[in-house]
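Enquirer: To be precise about what I am sending: the file is called input17.pdb and holds PDB, C-alpha atoms.
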```pdb
ATOM      1  CA  MET A   1      40.683  25.720   8.812
ATOM      2  CA  ILE A   2      38.817  23.349  11.122
ATOM      3  CA  ARG A   3      35.806  25.574  10.836
ATOM      4  CA  LEU A   4      35.885  25.326   7.002
ATOM      5  CA  LEU A   5      36.169  21.518   7.167
ATOM      6  CA  ALA A   6      33.220  21.342   9.572
ATOM      7  CA  ILE A   7      31.096  23.531   7.301
ATOM      8  CA  ALA A   8      32.095  21.455   4.261
ATOM      9  CA  ALA A   9      31.174  18.229   6.100
ATOM     10  CA  ILE A  10      27.770  19.618   7.099
ATOM     11  CA  LEU A  11      27.069  20.829   3.562
ATOM     12  CA  ALA A  12      28.118  17.458   2.124
ATOM     13  CA  GLY A  13      25.796  15.704   4.568
ATOM     14  CA  LEU A  14      22.889  17.954   3.690
ATOM     15  CA  TRP A  15      23.526  17.515  -0.016
ATOM     16  CA  GLY A  16      23.611  13.727   0.422
ATOM     17  CA  CYS A  17      20.312  13.720   2.299
ATOM     18  CA  SER A  18      18.633  15.858  -0.307
ATOM     19  CA  HIS A  19      19.669  13.422  -3.021
ATOM     20  CA  ALA A  20      18.554  10.192  -1.394
ATOM     21  CA  PRO A  21      17.731   7.541  -3.969
ATOM     22  CA  ALA A  22      14.076   7.414  -4.923
ATOM     23  CA  THR A  23      12.239   4.212  -4.184
ATOM     24  CA  SER A  24      11.572   2.211  -7.294
ATOM     25  CA  PRO A  25       7.974   1.793  -8.420
ATOM     26  CA  PRO A  26       6.346  -1.557  -7.772
ATOM     27  CA  GLY A  27       6.558  -4.471 -10.168
ATOM     28  CA  TYR A  28       3.423  -6.544 -10.696
ATOM     29  CA  LEU A  29       2.861 -10.303 -10.887
ATOM     30  CA  LEU A  30      -0.285 -12.175 -11.819
ATOM     31  CA  PRO A  31      -1.396 -13.948  -8.614
ATOM     32  CA  SER A  32      -2.101 -17.188 -10.498
ATOM     33  CA  ALA A  33       1.447 -17.239 -11.899
ATOM     34  CA  THR A  34       3.287 -17.265  -8.591
ATOM     35  CA  GLY A  35       3.252 -21.033  -8.099
ATOM     36  CA  ALA A  36       5.492 -23.520  -9.819
ATOM     37  CA  ALA A  37       3.777 -25.852 -12.234
ATOM     38  CA  HIS A  38       4.617 -28.171 -15.058
ATOM     39  CA  SER A  39       2.317 -29.581 -17.682
ATOM     40  CA  PRO A  40       3.092 -32.370 -20.138
ATOM     41  CA  LEU A  41       1.376 -30.108 -22.662
ATOM     42  CA  THR A  42       3.715 -27.763 -24.548
ATOM     43  CA  ILE A  43       2.423 -24.218 -24.071
ATOM     44  CA  LYS A  44       3.508 -21.200 -26.101
ATOM     45  CA  VAL A  45       2.239 -17.690 -25.401
ATOM     46  CA  GLN A  46       2.769 -15.004 -28.028
ATOM     47  CA  LEU A  47       1.972 -11.354 -27.373
ATOM     48  CA  ALA A  48       1.261  -8.418 -29.644
ATOM     49  CA  SER A  49       4.500  -6.407 -29.759
ATOM     50  CA  TYR A  50       3.182  -3.525 -27.651
ATOM     51  CA  LEU A  51       2.227  -5.960 -24.875
ATOM     52  CA  ASN A  52       5.770  -7.299 -24.831
ATOM     53  CA  ARG A  53       7.420  -4.020 -23.772
ATOM     54  CA  GLY A  54       7.404  -4.653 -20.025
ATOM     55  CA  GLY A  55       4.896  -2.016 -18.959
ATOM     56  CA  ILE A  56       1.269  -2.550 -18.050
ATOM     57  CA  VAL A  57      -0.878  -1.291 -20.927
ATOM     58  CA  MET A  58      -3.831   1.080 -20.689
ATOM     59  CA  GLN A  59      -5.913   1.820 -23.768
ATOM     60  CA  LEU A  60      -6.985   5.457 -23.558
ATOM     61  CA  SER A  61      -9.135   5.617 -26.715
ATOM     62  CA  ASP A  62      -9.875   3.521 -29.778
ATOM     63  CA  SER A  63      -6.486   4.524 -31.231
ATOM     64  CA  GLU A  64      -4.309   5.499 -28.251
ATOM     65  CA  ILE A  65      -2.472   3.237 -25.834
ATOM     66  CA  GLN A  66      -0.128   4.004 -22.986
ATOM     67  CA  VAL A  67       2.552   1.535 -21.909
ATOM     68  CA  GLY A  68       3.394   2.147 -18.267
ATOM     69  CA  ARG A  69       6.901   3.365 -17.552
ATOM     70  CA  HIS A  70       6.514   3.171 -13.788
ATOM     71  CA  HIS A  71       3.940   0.378 -13.588
ATOM     72  CA  ARG A  72       5.740  -2.619 -15.034
ATOM     73  CA  TRP A  73       5.494  -6.379 -14.967
ATOM     74  CA  ALA A  74       7.989  -7.853 -12.477
ATOM     75  CA  GLU A  75       8.883 -10.537 -15.014
ATOM     76  CA  PRO A  76       7.976 -10.966 -18.688
ATOM     77  CA  LEU A  77       4.220 -11.143 -19.154
ATOM     78  CA  ALA A  78       4.379 -14.100 -21.560
ATOM     79  CA  THR A  79       6.270 -16.124 -18.921
ATOM     80  CA  GLN A  80       3.646 -15.366 -16.278
ATOM     81  CA  LEU A  81       0.769 -16.235 -18.605
ATOM     82  CA  GLN A  82       2.411 -19.506 -19.633
ATOM     83  CA  ARG A  83       3.096 -20.549 -16.032
ATOM     84  CA  SER A  84      -0.489 -19.702 -15.088
ATOM     85  CA  LEU A  85      -1.827 -21.825 -17.957
ATOM     86  CA  GLU A  86       0.354 -24.758 -16.919
ATOM     87  CA  THR A  87      -1.496 -24.962 -13.610
ATOM     88  CA  ARG A  88      -4.915 -25.119 -15.310
ATOM     89  CA  MET A  89      -4.496 -27.314 -18.382
ATOM     90  CA  PRO A  90      -5.336 -31.006 -18.507
ATOM     91  CA  SER A  91      -2.577 -33.325 -19.631
ATOM     92  CA  GLY A  92      -2.052 -33.309 -23.339
ATOM     93  CA  ASP A  93       0.948 -35.456 -24.178
ATOM     94  CA  ASP A  94       2.410 -34.706 -27.583
ATOM     95  CA  LYS A  95       0.197 -31.656 -28.005
ATOM     96  CA  THR A  96       1.082 -28.002 -28.300
ATOM     97  CA  LEU A  97      -1.153 -25.185 -27.125
ATOM     98  CA  THR A  98      -0.371 -21.859 -28.774
ATOM     99  CA  VAL A  99      -2.022 -18.728 -27.419
ATOM    100  CA  GLU A 100      -1.738 -15.430 -29.301
ATOM    101  CA  LEU A 101      -2.918 -12.380 -27.384
ATOM    102  CA  THR A 102      -3.795  -9.145 -29.148
ATOM    103  CA  ARG A 103      -5.008  -7.382 -25.996
ATOM    104  CA  PHE A 104      -4.218  -7.882 -22.307
ATOM    105  CA  GLN A 105      -4.794  -4.443 -20.851
ATOM    106  CA  GLY A 106      -6.898  -1.891 -19.122
ATOM    107  CA  LEU A 107      -9.435   0.072 -21.138
ATOM    108  CA  GLN A 108     -10.344   3.591 -20.122
ATOM    109  CA  GLY A 109     -13.981   4.250 -20.983
ATOM    110  CA  LYS A 110     -16.262   7.237 -20.809
ATOM    111  CA  ASP A 111     -18.620   5.585 -18.334
ATOM    112  CA  ARG A 112     -16.375   2.942 -16.777
ATOM    113  CA  ASP A 113     -12.916   1.426 -16.931
ATOM    114  CA  SER A 114     -12.471  -2.246 -17.714
ATOM    115  CA  ALA A 115      -9.944  -5.017 -18.198
ATOM    116  CA  VAL A 116      -9.801  -6.637 -21.640
ATOM    117  CA  ILE A 117      -8.256  -9.843 -22.975
ATOM    118  CA  THR A 118      -8.561 -10.822 -26.650
ATOM    119  CA  GLY A 119      -6.771 -13.216 -28.947
ATOM    120  CA  ARG A 120      -6.965 -16.786 -30.139
ATOM    121  CA  TRP A 121      -5.671 -20.195 -29.211
ATOM    122  CA  ALA A 122      -4.883 -23.380 -31.107
ATOM    123  CA  LEU A 123      -4.170 -26.888 -29.871
ATOM    124  CA  ALA A 124      -2.202 -29.063 -32.276
ATOM    125  CA  GLY A 125      -1.421 -32.738 -31.910
ATOM    126  CA  ASN A 126       1.294 -34.772 -33.605
ATOM    127  CA  ASN A 127      -1.350 -36.528 -35.685
ATOM    128  CA  GLY A 128      -2.353 -33.228 -37.303
ATOM    129  CA  GLU A 129      -5.580 -32.664 -35.367
ATOM    130  CA  VAL A 130      -6.219 -29.073 -34.483
ATOM    131  CA  ALA A 131      -8.700 -27.453 -32.129
ATOM    132  CA  GLN A 132      -8.933 -23.702 -31.960
ATOM    133  CA  GLY A 133     -10.931 -20.884 -30.499
ATOM    134  CA  ARG A 134     -11.191 -17.166 -29.908
ATOM    135  CA  ILE A 135     -10.446 -15.344 -26.683
ATOM    136  CA  GLN A 136     -12.842 -12.524 -25.882
ATOM    137  CA  TRP A 137     -13.107 -11.436 -22.245
ATOM    138  CA  GLU A 138     -13.924  -8.104 -20.599
ATOM    139  CA  ALA A 139     -14.902  -7.055 -17.085
ATOM    140  CA  ALA A 140     -15.549  -3.724 -15.403
ATOM    141  CA  LEU A 141     -12.983  -2.465 -12.905
ATOM    142  CA  ASP A 142     -14.616  -1.853  -9.535
ATOM    143  CA  ASN A 143     -11.802   0.352  -8.282
ATOM    144  CA  GLY A 144      -8.954   2.235  -9.879
ATOM    145  CA  GLY A 145      -5.253   1.524  -9.635
ATOM    146  CA  TYR A 146      -2.837  -0.800 -11.311
ATOM    147  CA  ALA A 147      -2.986  -3.434  -8.557
ATOM    148  CA  ASN A 148      -6.744  -3.796  -9.106
ATOM    149  CA  LEU A 149      -6.241  -3.941 -12.884
ATOM    150  CA  VAL A 150      -3.670  -6.741 -12.476
ATOM    151  CA  ARG A 151      -5.995  -8.726 -10.170
ATOM    152  CA  THR A 152      -8.906  -8.308 -12.612
ATOM    153  CA  LEU A 153      -6.766  -9.328 -15.604
ATOM    154  CA  ASP A 154      -5.657 -12.392 -13.626
ATOM    155  CA  GLN A 155      -9.286 -13.342 -12.946
ATOM    156  CA  GLY A 156      -9.970 -12.967 -16.646
ATOM    157  CA  TRP A 157      -6.959 -15.086 -17.536
ATOM    158  CA  GLN A 158      -8.228 -17.818 -15.210
ATOM    159  CA  ALA A 159     -11.616 -17.681 -16.967
ATOM    160  CA  VAL A 160      -9.887 -17.914 -20.361
ATOM    161  CA  ALA A 161      -7.801 -20.866 -19.143
ATOM    162  CA  ALA A 162     -10.952 -22.643 -17.923
ATOM    163  CA  GLU A 163     -12.631 -22.129 -21.326
ATOM    164  CA  ILE A 164      -9.588 -23.532 -23.153
ATOM    165  CA  ALA A 165      -9.369 -26.499 -20.768
ATOM    166  CA  THR A 166     -13.064 -27.264 -21.276
ATOM    167  CA  ALA A 167     -12.662 -27.126 -25.063
ATOM    168  CA  MET A 168      -9.703 -29.523 -24.824
ATOM    169  CA  ASP A 169     -11.727 -32.226 -23.018
TER     170      ASP A 169
END
```
Give the structure from this file in structure tokens form.
Expert:
Amino acid sequence: MIRLLAIAAILAGLWGCSHAPATSPPGYLLPSATGAAHSPLTIKVQLASYLNRGGIVMQLSDSEIQVGRHHRWAEPLATQLQRSLETRMPSGDDKTLTVELTRFQGLQGKDRDSAVITGRWALAGNNGEVAQGRIQWEAALDNGGYANLVRTLDQGWQAVAAEIATAMD
């Protein structure tokens, strides 16, 4: 009887070790969105629906995208983009900046991979004045991997923020 209990305990231990929980894949944050910021300007970031699904997006061809199931944003992308913009924008009391992104993703190319950001922005004041512009940014990825893609997209987002800030002055 003791022998059977000992064998059962050993088997249970081996079974438990073989079914150890898998480590979860990493979550990604934009480096420029890690600090706390507040702007008197009201900022709204709207994403194309496929960008708002939590996974990092790779465009595989002109008609095929892949939303990462294991490579995900650690917090909603729109929240990160908004917080990043808040650190870069000049004061704009009583103004609202709306940014609509149609692409914020990696692009797999035949010759090279790149990071792409496209969309438009509009700045509206209470007096009805409106300034607007297009967002068109792309840069080659030097190395592969999602971490490099996130860093490159963040650099692009900082360039986009600088262009918007310059247009607001």
Enquirer: May I have the protein, DNA and RNA residues with any atom at most 9 Å from the point (8.8, -4.6, -14.4), counting all atoms listed in the file, written as an MDAnalysis selection string?
Expert: chainID A and resid 25:29 54:56 69:76
Enquirer: Show which residues sit within 12 Å of Ala167 of chain A, as a PyMOL selection string. Count all atoms listed in the file, and ignore same-chain residues fewer than 4 positions away.
Expert: chain A and resi 89-90+97+121-123+130-134+160-163
Enquirer: When you count only C-alpha atoms, which of these residues is closest to Ile65 of chain A: A:Lys44, A:Arg103, A:Lys110, A:Lys95?
Expert: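 Checking each of A:Lys44, A:Arg103, A:Lys110, A:Lys95 against Ile65 of chain A, counting only C-alpha atoms, the winner is A:Arg103.
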Enquirer: Which distance in Å separates atom CA of Gln155 of chain A and atom CA of Asp62 of chain A, to one decimal?
Expert: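 Straight-line distance from atom CA of Gln155 of chain A to atom CA of Asp62 of chain A works out to 23.8 Å.
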Enquirer: Which residue out of A:Ser63, A:Gln82, A:Asn52, A:Ser91 has the minimum interatomic distance to Ser32 of chain A when all atoms listed in the file are used?
Expert: A:Gln82
Enquirer: How far is it from atom CA of Gln46 of chain A to atom CA of Gln66 of chain A, in Å with one decimal?
Expert: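 Computed distance, atom CA of Gln46 of chain A to atom CA of Gln66 of chain A, equals 19.9 Å.
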Enquirer: How big is the axis-aligned box around all listed atoms of segment 104-107 of chain A once 8 Å goes on each side, and where's its centre, in Å to one decimal, as lines of an AutoDock Vina configuration file?
Expert:
```
center_x = -6.8
center_y = -3.9
center_z = -20.7
size_x = 21.2
size_y = 24.0
size_z = 19.2
```
Enquirer: Between atom CA of Ala165 of chain A and atom CA of Asn148 of chain A, measure the distance and give it in Å to one decimal.
Expert: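 Separating atom CA of Ala165 of chain A from atom CA of Asn148 of chain A is a distance of 25.7 Å.
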Enquirer: Compare A:Ala140, A:Val150, A:Ala36, A:Met168 by their minimum atom-to-atom distance to Thr87 of chain A, counting only C-alpha atoms, and give me the closest one.
Expert: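 When distances to Thr87 of chain A are compared using only C-alpha atoms, the smallest one comes from A:Ala36.
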Enquirer: Any chance you could resolve the PyMOL selection byres ((chain A and resi 31) around 9) against this file and give the residues as a PyMOL selection string?
Expert: chain A and resi 29-30+32-35+84+150-151+154
